[in-house]
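One file, upload21.cif, carrying mmCIF, C-alpha atoms:
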```cif
data_work
#
loop_
_atom_site.label_atom_id
_atom_site.label_comp_id
_atom_site.auth_asym_id
_atom_site.auth_seq_id
_atom_site.Cartn_x
_atom_site.Cartn_y
_atom_site.Cartn_z
CA MET A 127 -192.59 -63.48 -90.01
CA LYS A 128 -193.81 -61.83 -86.78
CA LEU A 129 -190.30 -62.17 -85.32
CA ILE A 130 -188.73 -60.49 -88.36
CA ILE A 131 -191.15 -57.54 -88.16
CA ILE A 132 -190.52 -57.12 -84.41
CA GLY A 133 -186.76 -57.28 -84.99
CA LEU A 134 -186.93 -54.78 -87.85
CA SER A 135 -189.07 -52.42 -85.74
CA ALA A 136 -186.51 -52.54 -82.94
CA VAL A 137 -183.70 -51.69 -85.37
CA LEU A 138 -185.67 -48.75 -86.84
CA LEU A 139 -186.59 -47.40 -83.40
CA SER A 140 -182.98 -47.66 -82.32
CA ALA A 141 -181.81 -45.84 -85.45
CA CYS A 142 -184.42 -43.10 -85.02
CA SER A 143 -183.48 -42.53 -81.40
CA SER A 144 -179.88 -41.89 -82.40
CA PHE A 145 -181.06 -39.06 -84.71
CA GLN A 146 -183.18 -37.36 -82.04
CA LYS A 147 -181.86 -34.03 -80.80
CA GLN A 148 -180.04 -34.37 -77.52
CA GLU A 149 -180.46 -31.67 -74.87
CA ASN A 150 -177.96 -28.78 -75.22
CA GLU A 151 -177.03 -29.98 -78.73
CA PRO A 152 -176.70 -27.15 -81.30
CA THR A 153 -179.33 -27.11 -84.01
CA ALA A 154 -177.38 -25.06 -86.56
CA VAL A 155 -175.89 -26.88 -89.49
CA VAL A 156 -172.29 -25.93 -90.15
CA LEU A 157 -171.43 -25.88 -93.83
CA GLU A 158 -167.77 -26.26 -94.63
CA SER A 159 -165.82 -26.20 -97.84
CA ALA A 160 -162.16 -26.88 -98.37
CA CYS A 161 -160.34 -23.64 -99.06
CA GLU A 162 -157.66 -23.56 -101.74
CA GLY A 163 -154.59 -21.39 -102.11
CA SER A 164 -152.79 -19.32 -99.53
CA THR A 165 -153.33 -16.16 -97.53
CA ALA A 166 -149.59 -15.43 -97.61
CA LEU A 167 -148.62 -12.33 -99.53
CA PRO A 168 -146.93 -12.62 -102.91
CA ALA A 169 -143.13 -12.48 -102.46
CA GLN A 170 -142.82 -9.00 -104.02
CA LEU A 171 -145.26 -7.55 -101.43
CA THR A 172 -144.00 -9.06 -98.16
CA GLU A 173 -142.01 -5.92 -97.27
CA SER A 174 -145.01 -3.66 -98.01
CA PHE A 175 -147.38 -5.08 -95.37
CA MET A 176 -147.44 -6.32 -91.80
CA ALA A 177 -149.84 -9.00 -90.60
CA ILE A 178 -152.24 -7.71 -87.94
CA GLU A 179 -155.28 -8.92 -86.01
CA ASP A 180 -158.67 -7.38 -86.82
CA ASP A 181 -161.34 -10.01 -86.30
CA GLY A 182 -164.18 -7.68 -87.32
CA LEU A 183 -162.60 -6.91 -90.68
CA LEU A 184 -161.71 -10.56 -91.24
CA GLN A 185 -165.24 -11.76 -90.44
CA SER A 186 -166.76 -9.19 -92.82
CA ALA A 187 -164.63 -10.65 -95.65
CA LEU A 188 -165.42 -14.33 -95.03
CA GLY A 189 -168.45 -15.98 -96.64
CA GLU A 190 -170.44 -19.17 -96.42
CA PRO A 191 -170.22 -21.77 -99.18
CA ASN A 192 -172.08 -20.70 -102.35
CA LYS A 193 -172.45 -17.12 -101.05
CA GLY A 194 -169.20 -15.64 -102.40
CA LYS A 195 -166.72 -13.52 -100.43
CA LEU A 196 -163.57 -15.24 -99.10
CA CYS A 197 -163.10 -18.82 -98.02
CA GLN A 198 -160.07 -17.92 -95.87
CA GLY A 199 -158.15 -14.72 -95.18
CA GLN A 200 -155.43 -12.86 -93.30
CA VAL A 201 -155.56 -9.18 -92.32
CA TYR A 202 -152.61 -7.00 -93.33
CA GLN A 203 -151.82 -3.30 -93.00
CA SER A 204 -149.80 -1.44 -95.61
CA LYS A 205 -146.59 0.12 -94.35
CA ALA A 206 -145.46 3.73 -94.79
CA ASN A 207 -143.60 4.40 -98.04
CA ALA A 208 -144.84 1.12 -99.57
CA GLN A 209 -145.86 1.25 -103.22
CA VAL A 210 -148.75 -1.20 -103.61
CA THR A 211 -150.93 -1.08 -106.72
CA VAL A 212 -154.30 -2.83 -106.76
CA TYR A 213 -156.78 -3.47 -109.57
CA ARG A 214 -160.54 -3.71 -109.78
CA ALA A 215 -162.78 -4.67 -112.69
CA TRP A 216 -166.15 -3.01 -112.17
CA ASN A 217 -169.59 -2.15 -113.56
CA SER A 218 -169.92 1.11 -115.53
CA THR A 219 -173.72 1.11 -115.10
CA ASN A 220 -173.16 1.53 -111.35
CA PRO A 221 -170.59 4.32 -110.81
CA ASN A 222 -170.60 3.55 -107.06
CA SER A 223 -169.07 0.16 -107.80
CA GLN A 224 -165.77 1.71 -108.92
CA PHE A 225 -164.49 1.72 -105.36
CA GLY A 226 -166.09 -1.49 -104.13
CA GLN A 227 -164.61 -3.88 -101.59
CA TRP A 228 -163.04 -6.50 -103.90
CA TRP A 229 -159.62 -5.92 -105.54
CA ALA A 230 -156.64 -7.87 -106.86
CA PHE A 231 -152.85 -7.49 -106.82
CA ASN A 232 -152.68 -8.31 -110.56
CA VAL A 233 -154.19 -6.62 -113.59
CA PRO A 234 -157.26 -8.50 -114.90
CA SER A 235 -156.24 -10.45 -117.99
CA GLY A 236 -157.15 -13.47 -120.06
CA LYS A 237 -160.60 -14.78 -120.83
CA ILE A 238 -163.44 -13.01 -119.04
CA ALA A 239 -165.13 -16.34 -118.25
CA GLN A 240 -161.94 -17.57 -116.53
CA TYR A 241 -161.58 -14.29 -114.62
CA ARG A 242 -165.17 -14.63 -113.39
CA SER A 243 -164.47 -18.20 -112.26
CA ASP A 244 -161.16 -17.31 -110.58
CA PHE A 245 -162.71 -14.43 -108.64
CA GLU A 246 -166.27 -15.83 -108.29
CA ILE A 247 -167.91 -12.85 -110.04
CA CYS A 248 -171.46 -13.69 -111.07
CA TYR A 249 -172.68 -12.13 -114.31
CA GLN A 250 -175.52 -10.47 -112.35
CA TRP A 251 -173.01 -8.56 -110.25
CA SER A 252 -170.99 -6.93 -113.01
CA PRO A 253 -170.38 -6.93 -116.76
CA LEU A 254 -166.70 -6.23 -115.95
CA ASP A 255 -166.57 -3.43 -118.52
CA LYS A 256 -164.40 -0.95 -116.60
CA MET A 257 -161.17 -1.22 -114.64
CA VAL A 258 -159.54 1.04 -112.13
CA THR A 259 -156.00 0.79 -110.83
CA CYS A 260 -154.92 2.64 -107.68
CA ASP A 261 -152.13 2.83 -105.14
CA LEU A 262 -152.96 1.96 -101.53
CA LYS A 263 -152.39 4.68 -98.97
CA ALA A 264 -150.09 3.88 -96.05
CA GLY A 265 -151.88 2.33 -93.08
CA THR A 266 -154.65 0.74 -95.16
CA LYS A 267 -156.04 -2.48 -93.73
CA VAL A 268 -156.87 -5.24 -96.20
CA VAL A 269 -157.82 -8.90 -96.04
CA VAL A 270 -155.91 -11.14 -98.43
CA GLY A 271 -157.51 -14.47 -99.13
CA ASN A 272 -158.99 -16.93 -101.56
CA GLY A 273 -162.48 -16.97 -102.96
CA GLN A 274 -165.40 -18.84 -101.49
CA SER A 275 -167.78 -20.66 -103.83
CA ALA A 276 -170.62 -18.60 -105.31
CA GLN A 277 -173.95 -19.81 -106.66
CA CYS A 278 -175.00 -17.38 -109.38
CA SER A 279 -178.10 -19.27 -110.53
CA ASP A 280 -179.58 -22.75 -110.66
CA TYR A 281 -177.27 -23.36 -113.63
CA LEU A 282 -174.03 -21.68 -112.59
CA THR A 283 -171.98 -22.15 -109.44
CA TYR A 284 -168.33 -21.16 -109.16
CA PRO A 285 -166.22 -23.41 -106.91
CA VAL A 286 -163.73 -22.16 -104.31
CA SER A 287 -160.68 -20.66 -105.95
CA SER A 288 -156.99 -20.40 -105.18
CA ALA A 289 -156.79 -16.94 -106.81
CA GLN A 290 -155.92 -14.29 -104.25
CA GLN A 291 -158.35 -11.48 -103.67
CA VAL A 292 -157.92 -8.26 -101.72
CA TYR A 293 -160.83 -7.07 -99.58
CA MET A 294 -161.07 -3.65 -97.99
CA LEU A 295 -163.67 -1.37 -96.48
CA ASP A 296 -163.97 2.27 -97.62
CA ALA A 297 -161.74 1.75 -100.65
CA LYS A 298 -162.44 5.27 -101.94
CA ASN A 299 -160.59 6.81 -99.00
CA ALA A 300 -157.84 4.15 -99.01
CA MET A 301 -156.67 4.94 -102.55
CA GLU A 302 -154.60 7.49 -104.44
CA ASN A 303 -153.22 7.91 -107.96
CA CYS A 304 -156.18 6.14 -109.53
CA LYS A 305 -156.55 5.59 -113.27
CA GLU A 306 -159.66 4.36 -115.10
CA PHE A 307 -159.77 2.07 -118.12
CA ASP A 308 -162.58 1.06 -120.49
CA GLY A 309 -163.16 -2.52 -121.52
CA VAL A 310 -163.06 -3.07 -125.28
CA MET A 311 -164.24 -6.01 -127.34
CA SER A 312 -161.44 -8.27 -128.47
CA TRP A 313 -162.07 -11.66 -130.02
CA GLN A 314 -159.73 -14.60 -130.43
CA ALA A 315 -160.32 -17.52 -132.75
CA ILE A 316 -160.98 -20.84 -131.04
CA LYS A 317 -158.32 -23.36 -131.97
#
```
Structure re-expressed in structure tokens:
Amino acid sequence: MKLIIIGLSAVLLSACSSFQKQENEPTAVVLESACEGSTALPAQLTESFMAIEDDGLLQSALGEPNKGKLCQGQVYQSKANAQVTVYRAWNSTNPNSQFGQWWAFNVPSGKIAQYRSDFEICYQWSPLDKMVTCDLKAGTKVVVGNGQSAQCSDYLTYPVSSAQQVYMLDAKNAMENCKEFDGVMSWQAIK
């Protein structure tokens, strides 16, 4: 019995020593999640943008798992004479959110719950009761990417998404020809 205890102690000490921090070893834990989708532009927009490098803008768009933002992204700049329309669902109780940082190339449609999941929009962030559509000004820098997971509460976490999102800074000054829309209640019977 004594031999078994000594042998077990040696195994445990050996295992513990392999978990001890080695000198010059980083202490930060890197959280990774598998990104879905593509940062490539939709086919109809490839002639409207050029890919550029802007690490600061890219880093401001990327988020950690469960924190929202983008999982992956590519920076693009809109070309002169390009007609690019973007869409944003926003929160009417916060007029400053009309020209926020998160946009889409397609008009919001379908079930609101699915739209929230596709674009990782927690209910606390917006009731999604307004929409604005605008044209991008020439020379506007955007990050095109796919959504990072977002934990909204202990009971609701949206996973990473393949839906493309458009991120930009100072959207108010990057837009022209904007039109606002109100959300209206519309109910469909469940089949």
Write out as a ChimeraX atom specification each polymer residue whose atoms come within 8 Å of range 243-250 of chain A, counting only C-alpha atoms; drop sequence neighbours fewer than 6 positions from it. /A:194,273-278,284-289,291
Taking the file as shown, what set of residues would the PyMOL selection byres ((chain A and resi 208) around 12) give back, as a count of residues only? 21
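Residue selection for this entry, given the PyMOL selection byres ((chain A and resi 302) around 10), comprises Thr211, Thr259, Cys260, Asp261, Leu262, Lys263, Ala297, Lys298, Asn299, Ala300, Met301, Asn303, Cys304 and Lys305 of chain A.
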Per residue of range 214-234 of chain A within 10 Å of range 308-314 of chain A, note the shortest atom pair and the distance in Å to one decimal, counting all atoms listed in the file, and order the rows by chain and increasing residue number, as JSON lines.
```
{"residue": "A:Ala215", "atom": "CA", "partner": "A:Gly309", "partner_atom": "CA", "distance": 9.1}
{"residue": "A:Trp216", "atom": "CA", "partner": "A:Gly309", "partner_atom": "CA", "distance": 9.8}
{"residue": "A:Ser218", "atom": "CA", "partner": "A:Asp308", "partner_atom": "CA", "distance": 8.9}
```
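The residue that comes closest to Phe307 in chain A, out of A:Leu188, A:Met257, A:Leu167, A:Val292 and on the basis of only C-alpha atoms, is A:Met257.
In this structure, CA of Leu254 in chain A sits 21.2 Å away from CA of Val270 in chain A.
Minimum atom-to-atom distances from A:Ser279, A:Val269, A:Lys237, A:Ala177 to Ile316 in chain A were compared using only C-alpha atoms, and the lowest value belongs to A:Lys237.
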Can you pull out every residue within 6 Å of Gly271 in chain A, counting all atoms listed in the file, but drop anything in the same chain fewer than 2 positions away, and send it as a list in words? Thr165, Gln198, Gly199, Gln290 and Gln291 of chain A
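Counting from CA of Arg214 in chain A, the distance to CA of Lys317 in chain A is 29.7 Å.
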Measuring between all atoms listed in the file, which one of A:Tyr241, A:Gln224, A:Ala230, A:Leu282 shows the shortest distance to Val258 in chain A? A:Gln224
Within 7 Å of Gln227 in chain A using all atoms listed in the file, minus same-chain residues under 3 positions, as a VMD selection string: chain A and resid 293 to 295 297
